[in-house]
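**Q** Below is the file final-v1.cif, with mmCIF, C-alpha atoms, pLDDT in the B column; chains and numbers go by the auth columns.
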```
data_final
loop_
_atom_site.group_PDB
_atom_site.id
_atom_site.type_symbol
_atom_site.label_atom_id
_atom_site.label_comp_id
_atom_site.label_asym_id
_atom_site.label_seq_id
_atom_site.Cartn_x
_atom_site.Cartn_y
_atom_site.Cartn_z
_atom_site.B_iso_or_equiv
_atom_site.auth_seq_id
_atom_site.auth_asym_id
ATOM 1 C CA MET A 1 11.899 -30.597 -1.915 55.00 1 A
ATOM 2 C CA GLU A 2 10.261 -33.491 -0.117 70.00 2 A
ATOM 3 C CA LEU A 3 7.758 -35.769 -1.781 71.00 3 A
ATOM 4 C CA GLN A 4 4.915 -34.575 0.472 67.00 4 A
ATOM 5 C CA GLN A 5 5.585 -30.946 -0.421 65.00 5 A
ATOM 6 C CA ARG A 6 5.658 -31.803 -4.126 64.00 6 A
ATOM 7 C CA VAL A 7 2.311 -33.595 -3.852 61.00 7 A
ATOM 8 C CA LYS A 8 0.750 -30.671 -1.969 59.00 8 A
ATOM 9 C CA LEU A 9 2.171 -28.239 -4.519 58.00 9 A
ATOM 10 C CA PHE A 10 0.786 -30.341 -7.366 59.00 10 A
ATOM 11 C CA LEU A 11 -2.653 -30.510 -5.729 61.00 11 A
ATOM 12 C CA GLY A 12 -2.652 -26.746 -5.142 63.00 12 A
ATOM 13 C CA ILE A 13 -2.781 -27.011 -1.364 60.00 13 A
ATOM 14 C CA ILE A 14 0.360 -24.917 -0.971 53.00 14 A
ATOM 15 C CA THR A 15 2.236 -22.549 -3.256 55.00 15 A
ATOM 16 C CA MET A 16 5.935 -21.982 -3.681 55.00 16 A
ATOM 17 C CA ASN A 17 5.706 -18.723 -1.691 57.00 17 A
ATOM 18 C CA SER A 18 3.577 -20.105 1.132 52.00 18 A
ATOM 19 C CA THR A 19 6.440 -19.890 3.593 56.00 19 A
ATOM 20 C CA LYS A 20 6.802 -16.103 3.151 63.00 20 A
ATOM 21 C CA LYS A 21 4.308 -13.855 4.903 72.00 21 A
ATOM 22 C CA GLN A 22 2.727 -11.335 2.584 79.00 22 A
ATOM 23 C CA LYS A 23 1.915 -7.860 3.828 84.00 23 A
ATOM 24 C CA PRO A 24 -1.740 -6.843 3.512 88.00 24 A
ATOM 25 C CA THR A 25 -2.495 -4.576 0.563 91.00 25 A
ATOM 26 C CA ARG A 26 -5.315 -2.067 0.236 93.00 26 A
ATOM 27 C CA MET A 27 -6.679 0.006 -2.637 94.00 27 A
ATOM 28 C CA CYS A 28 -6.786 3.803 -2.754 94.00 28 A
ATOM 29 C CA ILE A 29 -10.346 4.976 -3.462 93.00 29 A
ATOM 30 C CA SER A 30 -9.103 7.822 -5.620 91.00 30 A
ATOM 31 C CA CYS A 31 -6.555 6.286 -8.015 92.00 31 A
ATOM 32 C CA ARG A 32 -7.424 2.599 -7.327 92.00 32 A
ATOM 33 C CA LYS A 33 -3.728 1.784 -6.934 93.00 33 A
ATOM 34 C CA LYS A 34 -2.903 -1.078 -4.564 93.00 34 A
ATOM 35 C CA SER A 35 -0.268 -0.497 -1.891 90.00 35 A
ATOM 36 C CA VAL A 36 0.869 -1.935 1.401 90.00 36 A
ATOM 37 C CA ARG A 37 -1.683 -1.061 4.069 88.00 37 A
ATOM 38 C CA LEU A 38 0.788 0.693 6.373 87.00 38 A
ATOM 39 C CA THR A 39 1.756 3.236 3.698 88.00 39 A
ATOM 40 C CA MET A 40 -1.799 4.519 3.230 90.00 40 A
ATOM 41 C CA LEU A 41 -4.049 6.860 5.188 91.00 41 A
ATOM 42 C CA ARG A 42 -7.225 5.261 6.571 92.00 42 A
ATOM 43 C CA LEU A 43 -10.298 7.464 6.907 92.00 43 A
ATOM 44 C CA GLN A 44 -14.006 7.078 7.475 92.00 44 A
ATOM 45 C CA GLN A 45 -17.129 9.176 7.052 90.00 45 A
ATOM 46 C CA ARG A 46 -19.094 9.835 10.243 89.00 46 A
ATOM 47 C CA GLU A 47 -22.427 11.478 9.470 87.00 47 A
ATOM 48 C CA SER A 48 -21.292 14.306 7.193 85.00 48 A
ATOM 49 C CA GLU A 49 -17.657 14.598 8.286 88.00 49 A
ATOM 50 C CA ILE A 50 -14.491 12.790 7.233 89.00 50 A
ATOM 51 C CA VAL A 51 -12.435 11.670 10.232 89.00 51 A
ATOM 52 C CA ALA A 52 -9.465 9.421 10.912 90.00 52 A
ATOM 53 C CA TYR A 53 -10.516 5.787 11.294 91.00 53 A
ATOM 54 C CA GLN A 54 -11.664 5.108 14.853 89.00 54 A
ATOM 55 C CA GLY A 55 -11.847 1.321 14.797 88.00 55 A
ATOM 56 C CA VAL A 56 -15.563 0.842 14.143 90.00 56 A
ATOM 57 C CA GLY A 57 -17.487 0.996 10.893 89.00 57 A
ATOM 58 C CA ARG A 58 -16.599 1.153 7.229 92.00 58 A
ATOM 59 C CA SER A 59 -13.484 2.957 6.132 93.00 59 A
ATOM 60 C CA PHE A 60 -11.467 3.821 3.038 93.00 60 A
ATOM 61 C CA TYR A 61 -7.828 4.346 2.163 94.00 61 A
ATOM 62 C CA LEU A 62 -5.974 7.165 0.396 93.00 62 A
ATOM 63 C CA CYS A 63 -2.428 6.891 -0.902 91.00 63 A
ATOM 64 C CA HIS A 64 0.056 9.703 -0.300 88.00 64 A
ATOM 65 C CA GLU A 65 0.244 10.490 -4.014 91.00 65 A
ATOM 66 C CA CYS A 66 -3.480 11.313 -4.072 90.00 66 A
ATOM 67 C CA ILE A 67 -3.249 13.330 -0.853 89.00 67 A
ATOM 68 C CA ASN A 68 -0.669 15.569 -2.550 89.00 68 A
ATOM 69 C CA ASN A 69 -2.653 15.819 -5.818 89.00 69 A
ATOM 70 C CA GLU A 70 -4.903 18.914 -5.722 88.00 70 A
ATOM 71 C CA LYS A 71 -7.139 17.704 -8.525 91.00 71 A
ATOM 72 C CA LYS A 72 -7.897 14.401 -6.781 91.00 72 A
ATOM 73 C CA ILE A 73 -8.504 16.118 -3.446 90.00 73 A
ATOM 74 C CA LYS A 74 -10.935 18.516 -5.092 91.00 74 A
ATOM 75 C CA GLY A 75 -12.860 15.562 -6.530 91.00 75 A
ATOM 76 C CA LEU A 76 -12.895 13.768 -3.183 90.00 76 A
ATOM 77 C CA SER A 77 -14.082 16.867 -1.347 90.00 77 A
ATOM 78 C CA ARG A 78 -16.962 17.113 -3.829 90.00 78 A
ATOM 79 C CA ARG A 79 -17.761 13.419 -3.432 91.00 79 A
ATOM 80 C CA PHE A 80 -17.928 13.680 0.360 89.00 80 A
ATOM 81 C CA LYS A 81 -19.533 17.161 0.318 91.00 81 A
ATOM 82 C CA GLN A 82 -16.658 18.767 2.214 89.00 82 A
ATOM 83 C CA ASP A 83 -15.130 22.222 2.005 90.00 83 A
ATOM 84 C CA CYS A 84 -12.041 21.753 -0.166 89.00 84 A
ATOM 85 C CA LYS A 85 -9.689 23.998 1.854 90.00 85 A
ATOM 86 C CA GLN A 86 -10.656 22.440 5.183 90.00 86 A
ATOM 87 C CA PHE A 87 -10.386 18.932 3.722 88.00 87 A
ATOM 88 C CA VAL A 88 -6.853 19.628 2.433 88.00 88 A
ATOM 89 C CA LYS A 89 -5.884 21.118 5.792 89.00 89 A
ATOM 90 C CA PHE A 90 -7.281 18.063 7.607 89.00 90 A
ATOM 91 C CA LEU A 91 -5.376 15.609 5.377 88.00 91 A
ATOM 92 C CA LYS A 92 -2.096 17.518 5.687 87.00 92 A
ATOM 93 C CA GLU A 93 -2.506 17.601 9.471 88.00 93 A
ATOM 94 C CA LEU A 94 -3.075 13.822 9.592 87.00 94 A
ATOM 95 C CA VAL A 95 0.000 13.167 7.465 85.00 95 A
ATOM 96 C CA LYS A 96 2.067 15.582 9.556 84.00 96 A
ATOM 97 C CA ASN A 97 1.011 13.848 12.786 82.00 97 A
ATOM 98 C CA GLY A 98 1.961 10.481 11.331 75.00 98 A
ATOM 99 C CA GLN A 99 -1.488 8.909 11.284 65.00 99 A
ATOM 100 C CA SER A 100 -0.848 6.961 8.110 56.00 100 A
#
```
Could you write out this file's structure as structure tokens?

**A**
Amino acid sequence: MELQQRVKLFLGIITMNSTKKQKPTRMCISCRKKSVRLTMLRLQQRESEIVAYQGVGRSFYLCHECINNEKKIKGLSRRFKQDCKQFVKFLKELVKNGQS
């Protein structure tokens, strides 16, 4: 390691892993588990409906474990005031179509 890199490391300007690119992580709103962004399903609430993220506005992420957990889906459907059966059907359709 060069002297300049050692000085920067000592001063906290760089870290040992600064050369590796880290993948962005996001948190599931149901279980609060952090995962790589590309492995999660991104949704948003438009008026009173839950829809796939459309690029504008606030959104939230769900991990695939929570999508397959009936108890968590029931709680989420209550939180967003959705019909549980339709909400489950919507999530399964999104996963099936590969919109994770």

**Q** Work out how far apart CA of Lys33 (chain A) and CA of Arg79 (chain A) are and give it in Å to one decimal.

**A**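 Between CA of Lys33 (chain A) and CA of Arg79 (chain A) the gap is 18.6 Å.
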
**Q** Name the residues that the PyMOL selection byres ((chain A and resi 52) around 12) pulls out of this structure, and write them as a PyMOL selection string.

**A** chain A and resi 40-46+49-51+53-62+87+90-91+93-95+97-100

**Q** Can you write just those residues out, C-alpha atoms, as a short mmCIF file (atom, residue, chain, number, x, y, z; two decimals), in the frame of the given file?

**A**
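Written out: part.cif:
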```cif
data_model
loop_
_atom_site.label_atom_id
_atom_site.label_comp_id
_atom_site.auth_asym_id
_atom_site.auth_seq_id
_atom_site.Cartn_x
_atom_site.Cartn_y
_atom_site.Cartn_z
CA MET A 40 -1.80 4.52 3.23
CA LEU A 41 -4.05 6.86 5.19
CA ARG A 42 -7.22 5.26 6.57
CA LEU A 43 -10.30 7.46 6.91
CA GLN A 44 -14.01 7.08 7.48
CA GLN A 45 -17.13 9.18 7.05
CA ARG A 46 -19.09 9.84 10.24
CA GLU A 49 -17.66 14.60 8.29
CA ILE A 50 -14.49 12.79 7.23
CA VAL A 51 -12.44 11.67 10.23
CA TYR A 53 -10.52 5.79 11.29
CA GLN A 54 -11.66 5.11 14.85
CA GLY A 55 -11.85 1.32 14.80
CA VAL A 56 -15.56 0.84 14.14
CA GLY A 57 -17.49 1.00 10.89
CA ARG A 58 -16.60 1.15 7.23
CA SER A 59 -13.48 2.96 6.13
CA PHE A 60 -11.47 3.82 3.04
CA TYR A 61 -7.83 4.35 2.16
CA LEU A 62 -5.97 7.16 0.40
CA PHE A 87 -10.39 18.93 3.72
CA PHE A 90 -7.28 18.06 7.61
CA LEU A 91 -5.38 15.61 5.38
CA GLU A 93 -2.51 17.60 9.47
CA LEU A 94 -3.08 13.82 9.59
CA VAL A 95 0.00 13.17 7.46
CA ASN A 97 1.01 13.85 12.79
CA GLY A 98 1.96 10.48 11.33
CA GLN A 99 -1.49 8.91 11.28
CA SER A 100 -0.85 6.96 8.11
#
```

**Q** Quick one: distance from CA of Ile29 (chain A) to CA of Lys92 (chain A) in Å, one decimal?

**A**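 It comes out at 17.6 Å.
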
**Q** State, in Å with one decimal place, the distance from CA of Phe80 (chain A) to CA of Ser48 (chain A).

**A**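 Computing it gives 7.6 Å between the two atoms.
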
**Q** Need to verify the contact set: Val36 (chain A), 8 Å, only C-alpha atoms, exclusion of same-chain residues closer than 5 positions in sequence. Can you return it as a list in words?

**A**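 The filter keeps Lys23, Pro24, Thr25 and Arg26 of chain A.
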
**Q** Please determine, counting all atoms listed in the file, which residue among A:Lys85, A:Glu47, A:Lys21, A:Lys96 has the shortest atom-to-atom distance to Ile73 (chain A).

**A**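 With all atoms listed in the file as the atom set, the closest residue is A:Lys85.
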
**Q** Pick out the residues sitting within 12 Å of Lys72 (chain A), and hand them over as an MDAnalysis selection string; count all atoms listed in the file, and ignore anything fewer than 2 positions along from it in its own chain.

**A** chainID A and resid 28:32 62:70 74:79 84 87:88
